[in-house]
Amino acid sequence: MQDFSLVHIGTEVRERKEDFNKIFSLMLDSKYYDALEERNEHHQRKNDDMFSDFTDEEMIYYYVHQRKHIRKDRERKENTKTEYLRILLQFYQYAVESDSFLRQDVEDYIEKTIFKNLRPWHIRNYQTYLSTALLGKSRKPYSPATLDAKMTILKSFMKWLHEMKYIQYPLYKEILSTSLSEQEVPNRDLYYHEVKQLLDYYKDHPINYGLLTMLAMTGLRVQEIAKASWGDVYLDSLSGHYRLRGVGKGGKKFDKLLHPSLYERILSFRERRHVSTALNSSDQGPLFPTKDGGYYQYKNLSNYIVRIIQRTELPFIKERTGRITPHYFRHFYAIYSRQQGADIFLIQKELGHSDRKTTERYLEKVLQREHEIGLLWKEQDF
């Protein structure tokens, strides 16, 4: 059995010996998982608790990287692991920094662990801290949507720790509901006249014009656009249209129509970047290359899109309370498709939604207008 431990991470966090980004990178590296799995199997063979000698740090690592599917392409994607780690390490760091308090607050304190010393009131205190501390954008508290996302992941982790018998108390039951009211659900709707204003603003800017058109006319996620390859673009002999193949969220394959106007803007983008515009199925370079010719990191691309939208200072953007992100274009795709007569099932399929309810949330206002009872009235009667 391999001798391996991540316990040093706790020491580094406590003593601030390492840059936290380095610790994050280490925890994101999946190469240590097999060693932990081997220890896990060793305990099972001896009929011991699976995680009897695991540390807090190893429990976070194992939870984030645990394999649940025989196929690797169905495991958690790196983007998902990154999000989980950010949230769990934020909680872990808070707990580590509370160590001296826990020693005074808990009877029979257990050494070399934080999680096993946590009690229900500690979880409630953390939730209060997270909801009030100025940790969000512009040095404000987290938005209700962000807080809900963080607590949902933490609750799932705490439930898993209890089910695995790593902690004694069912701490996940102490987490108060953070579900959003109808008024708190962010308005991510984007309409044709708004998208048209953005496109018109950048019609003489091949880079921005191409990126915004791609978002609007495909409904793809920014991650999917960032990792798309030029070699995945092909001319469909059946329809005569250009299309883009790829793999999206959850390992779902997509095959997107590239309208002629969109295809022309993609070519203009590529010409500006001085890369080939000739179709080549063996070309594994990016569909939308950076200045250096490489692939965009999706976070960088997302932030770039946000900035160029804000930079327009169009009236409808000034009226918004929050920033318009690439995700808003998925809402636009759903709304505009419905307005053109598309069935909800087809929209759901195009957006890659597993649950029809997700698509219906995108279309909530449109569907309400379609079923507005006032439209049944005869105006001339009044």
# chains A, B, ... in the order shown; residues from 1 in each chain; ligands from 1
>>> select_by_dssp(residues="range 59-232 of chain A", states="helix (DSSP H, G or I)", output="number ranges by chain")
A: 59-65, 72-74, 78-97, 99-105, 115-117, 120-132, 137-139, 144-163, 171-174, 192-201, 206-218, 222-226, 230-232
>>> residues_around(residues="Thr82 in chain A", least_positions_apart="6", cutoff="12 Å", atoms="only C-alpha atoms", output="VMD selection string")
chain A and resid 21 24 to 30 61 64 to 65 76 88 to 89 299
>>> write_last_selection(atoms="N, CA, C and O atoms", output="short mmCIF file (atom, residue, chain, number, x, y, z; two decimals), in the first residue's frame")
data_model
loop_
_atom_site.label_atom_id
_atom_site.label_comp_id
_atom_site.auth_asym_id
_atom_site.auth_seq_id
_atom_site.Cartn_x
_atom_site.Cartn_y
_atom_site.Cartn_z
N ASN A 21 -2.91 29.64 -3.46
CA ASN A 21 -3.12 29.18 -4.83
C ASN A 21 -2.35 27.90 -5.12
O ASN A 21 -2.79 27.05 -5.88
N PHE A 24 -4.26 25.14 -3.57
CA PHE A 24 -5.42 24.86 -4.42
C PHE A 24 -5.02 24.00 -5.62
O PHE A 24 -5.70 23.03 -5.95
N SER A 25 -3.91 24.35 -6.25
CA SER A 25 -3.44 23.60 -7.41
C SER A 25 -3.11 22.16 -7.04
O SER A 25 -3.39 21.22 -7.79
N LEU A 26 -2.52 21.97 -5.86
CA LEU A 26 -2.19 20.62 -5.40
C LEU A 26 -3.45 19.80 -5.19
O LEU A 26 -3.54 18.64 -5.60
N MET A 27 -4.45 20.41 -4.58
CA MET A 27 -5.70 19.70 -4.30
C MET A 27 -6.48 19.42 -5.58
O MET A 27 -7.30 18.49 -5.63
N LEU A 28 -6.25 20.19 -6.63
CA LEU A 28 -6.96 19.99 -7.89
C LEU A 28 -6.33 18.88 -8.73
O LEU A 28 -6.98 18.32 -9.61
N ASP A 29 -5.09 18.54 -8.43
CA ASP A 29 -4.36 17.52 -9.18
C ASP A 29 -4.89 16.13 -8.82
O ASP A 29 -4.80 15.70 -7.68
N SER A 30 -5.43 15.42 -9.79
CA SER A 30 -6.09 14.13 -9.52
C SER A 30 -5.12 12.96 -9.39
O SER A 30 -5.55 11.83 -9.12
N TYR A 61 -10.28 16.15 -0.61
CA TYR A 61 -9.69 15.72 -1.88
C TYR A 61 -10.46 14.54 -2.47
O TYR A 61 -10.81 14.52 -3.66
N VAL A 64 -14.02 15.48 -3.77
CA VAL A 64 -14.01 16.24 -5.02
C VAL A 64 -13.65 15.35 -6.21
O VAL A 64 -14.23 15.47 -7.29
N HIS A 65 -12.72 14.42 -6.00
CA HIS A 65 -12.21 13.61 -7.12
C HIS A 65 -12.85 12.23 -7.22
O HIS A 65 -12.52 11.48 -8.16
N ARG A 76 -16.71 14.03 -12.93
CA ARG A 76 -16.77 15.48 -12.75
C ARG A 76 -15.70 16.15 -13.61
O ARG A 76 -14.55 15.73 -13.63
N LEU A 88 -15.22 24.43 -0.73
CA LEU A 88 -14.86 23.61 0.42
C LEU A 88 -13.59 24.09 1.09
O LEU A 88 -13.47 24.03 2.33
N LEU A 89 -12.62 24.58 0.30
CA LEU A 89 -11.40 25.11 0.91
C LEU A 89 -11.66 26.43 1.63
O LEU A 89 -10.98 26.75 2.61
N LYS A 299 -12.63 31.07 -18.16
CA LYS A 299 -12.87 32.17 -17.21
C LYS A 299 -12.40 33.49 -17.81
O LYS A 299 -13.07 34.52 -17.68
#
>>> atom_distance(atom1="CA of Gly251 in chain A", atom2="CA of Glu75 in chain A")
8.6 Å
>>> select_by_dssp(residues="range 174-309 of chain A", states="strand (DSSP E or B)", output="list in words")
Ser229, Val233, Tyr234, Leu235, Tyr242, Arg243, Leu244, Arg245, Gly246, Val247, Lys253, Phe254, Asp255, Lys256, Leu257, Leu258 and Pro286 of chain A
>>> residues_around(residues="range 212-227 of chain A", least_positions_apart="2", cutoff="7 Å", atoms="only C-alpha atoms", output="list in words")
Leu199, Asn208, Tyr209, Gly210, Ser229, Gly248, Lys256, Leu262, Pro286, Tyr295, Tyr296, Gln297, Tyr298, Ser302, Pro326, His327, Phe329, Arg330, Phe332, Tyr333 and Leu351 of chain A
>>> write_last_selection(atoms="N, CA and C atoms", output="PDB file, in the first residue's frame")
ATOM      1  N   LEU A 199     -24.644  43.604 -31.096  1.00  0.00           N
ATOM      2  CA  LEU A 199     -24.014  43.191 -32.351  1.00  0.00           C
ATOM      3  C   LEU A 199     -23.757  44.387 -33.260  1.00  0.00           C
ATOM      4  N   ASN A 208     -14.852  40.882 -31.348  1.00  0.00           N
ATOM      5  CA  ASN A 208     -16.035  40.952 -30.489  1.00  0.00           C
ATOM      6  C   ASN A 208     -17.302  40.550 -31.237  1.00  0.00           C
ATOM      7  N   TYR A 209     -17.373  40.939 -32.499  1.00  0.00           N
ATOM      8  CA  TYR A 209     -18.533  40.611 -33.326  1.00  0.00           C
ATOM      9  C   TYR A 209     -18.678  39.092 -33.463  1.00  0.00           C
ATOM     10  N   GLY A 210     -17.579  38.425 -33.710  1.00  0.00           N
ATOM     11  CA  GLY A 210     -17.614  36.973 -33.861  1.00  0.00           C
ATOM     12  C   GLY A 210     -17.996  36.253 -32.584  1.00  0.00           C
ATOM     13  N   SER A 229     -12.675  23.315 -31.300  1.00  0.00           N
ATOM     14  CA  SER A 229     -11.547  23.247 -32.237  1.00  0.00           C
ATOM     15  C   SER A 229     -12.002  23.581 -33.655  1.00  0.00           C
ATOM     16  N   GLY A 248     -20.268  18.730 -24.697  1.00  0.00           N
ATOM     17  CA  GLY A 248     -20.618  19.759 -23.726  1.00  0.00           C
ATOM     18  C   GLY A 248     -20.675  19.243 -22.307  1.00  0.00           C
ATOM     19  N   LYS A 256     -23.897  21.598 -33.732  1.00  0.00           N
ATOM     20  CA  LYS A 256     -24.570  22.881 -33.876  1.00  0.00           C
ATOM     21  C   LYS A 256     -24.534  23.432 -35.299  1.00  0.00           C
ATOM     22  N   LEU A 262     -23.150  33.705 -39.249  1.00  0.00           N
ATOM     23  CA  LEU A 262     -22.248  33.355 -38.157  1.00  0.00           C
ATOM     24  C   LEU A 262     -20.936  32.805 -38.711  1.00  0.00           C
ATOM     25  N   PRO A 286      -7.612  26.007 -31.811  1.00  0.00           N
ATOM     26  CA  PRO A 286      -8.888  26.545 -31.326  1.00  0.00           C
ATOM     27  C   PRO A 286      -9.727  27.168 -32.434  1.00  0.00           C
ATOM     28  N   TYR A 295      -5.679  28.371 -26.964  1.00  0.00           N
ATOM     29  CA  TYR A 295      -7.055  28.299 -26.496  1.00  0.00           C
ATOM     30  C   TYR A 295      -7.287  29.309 -25.379  1.00  0.00           C
ATOM     31  N   TYR A 296      -8.475  29.898 -25.350  1.00  0.00           N
ATOM     32  CA  TYR A 296      -8.873  30.740 -24.229  1.00  0.00           C
ATOM     33  C   TYR A 296      -9.107  29.876 -22.988  1.00  0.00           C
ATOM     34  N   GLN A 297      -8.678  30.359 -21.835  1.00  0.00           N
ATOM     35  CA  GLN A 297      -9.192  29.817 -20.585  1.00  0.00           C
ATOM     36  C   GLN A 297     -10.616  30.345 -20.463  1.00  0.00           C
ATOM     37  N   TYR A 298     -11.549  29.470 -20.171  1.00  0.00           N
ATOM     38  CA  TYR A 298     -12.946  29.893 -20.273  1.00  0.00           C
ATOM     39  C   TYR A 298     -13.277  31.036 -19.315  1.00  0.00           C
ATOM     40  N   SER A 302     -14.847  34.474 -20.475  1.00  0.00           N
ATOM     41  CA  SER A 302     -16.077  34.952 -19.857  1.00  0.00           C
ATOM     42  C   SER A 302     -15.913  36.380 -19.351  1.00  0.00           C
ATOM     43  N   PRO A 326     -21.880  35.746 -20.256  1.00  0.00           N
ATOM     44  CA  PRO A 326     -22.175  34.883 -21.404  1.00  0.00           C
ATOM     45  C   PRO A 326     -23.391  33.993 -21.202  1.00  0.00           C
ATOM     46  N   HIS A 327     -23.684  33.641 -19.947  1.00  0.00           N
ATOM     47  CA  HIS A 327     -24.822  32.759 -19.687  1.00  0.00           C
ATOM     48  C   HIS A 327     -26.142  33.383 -20.137  1.00  0.00           C
ATOM     49  N   PHE A 329     -26.818  34.753 -22.793  1.00  0.00           N
ATOM     50  CA  PHE A 329     -27.095  34.444 -24.195  1.00  0.00           C
ATOM     51  C   PHE A 329     -27.772  33.089 -24.361  1.00  0.00           C
ATOM     52  N   ARG A 330     -27.609  32.205 -23.391  1.00  0.00           N
ATOM     53  CA  ARG A 330     -28.353  30.943 -23.420  1.00  0.00           C
ATOM     54  C   ARG A 330     -29.833  31.208 -23.172  1.00  0.00           C
ATOM     55  N   PHE A 332     -31.248  34.039 -24.005  1.00  0.00           N
ATOM     56  CA  PHE A 332     -31.690  34.654 -25.248  1.00  0.00           C
ATOM     57  C   PHE A 332     -32.012  33.582 -26.284  1.00  0.00           C
ATOM     58  N   TYR A 333     -31.129  32.587 -26.399  1.00  0.00           N
ATOM     59  CA  TYR A 333     -31.324  31.528 -27.390  1.00  0.00           C
ATOM     60  C   TYR A 333     -32.656  30.823 -27.163  1.00  0.00           C
ATOM     61  N   LEU A 351     -30.180  23.129 -25.858  1.00  0.00           N
ATOM     62  CA  LEU A 351     -29.412  23.712 -24.761  1.00  0.00           C
ATOM     63  C   LEU A 351     -28.720  22.654 -23.906  1.00  0.00           C
TER      64      LEU A 351
END
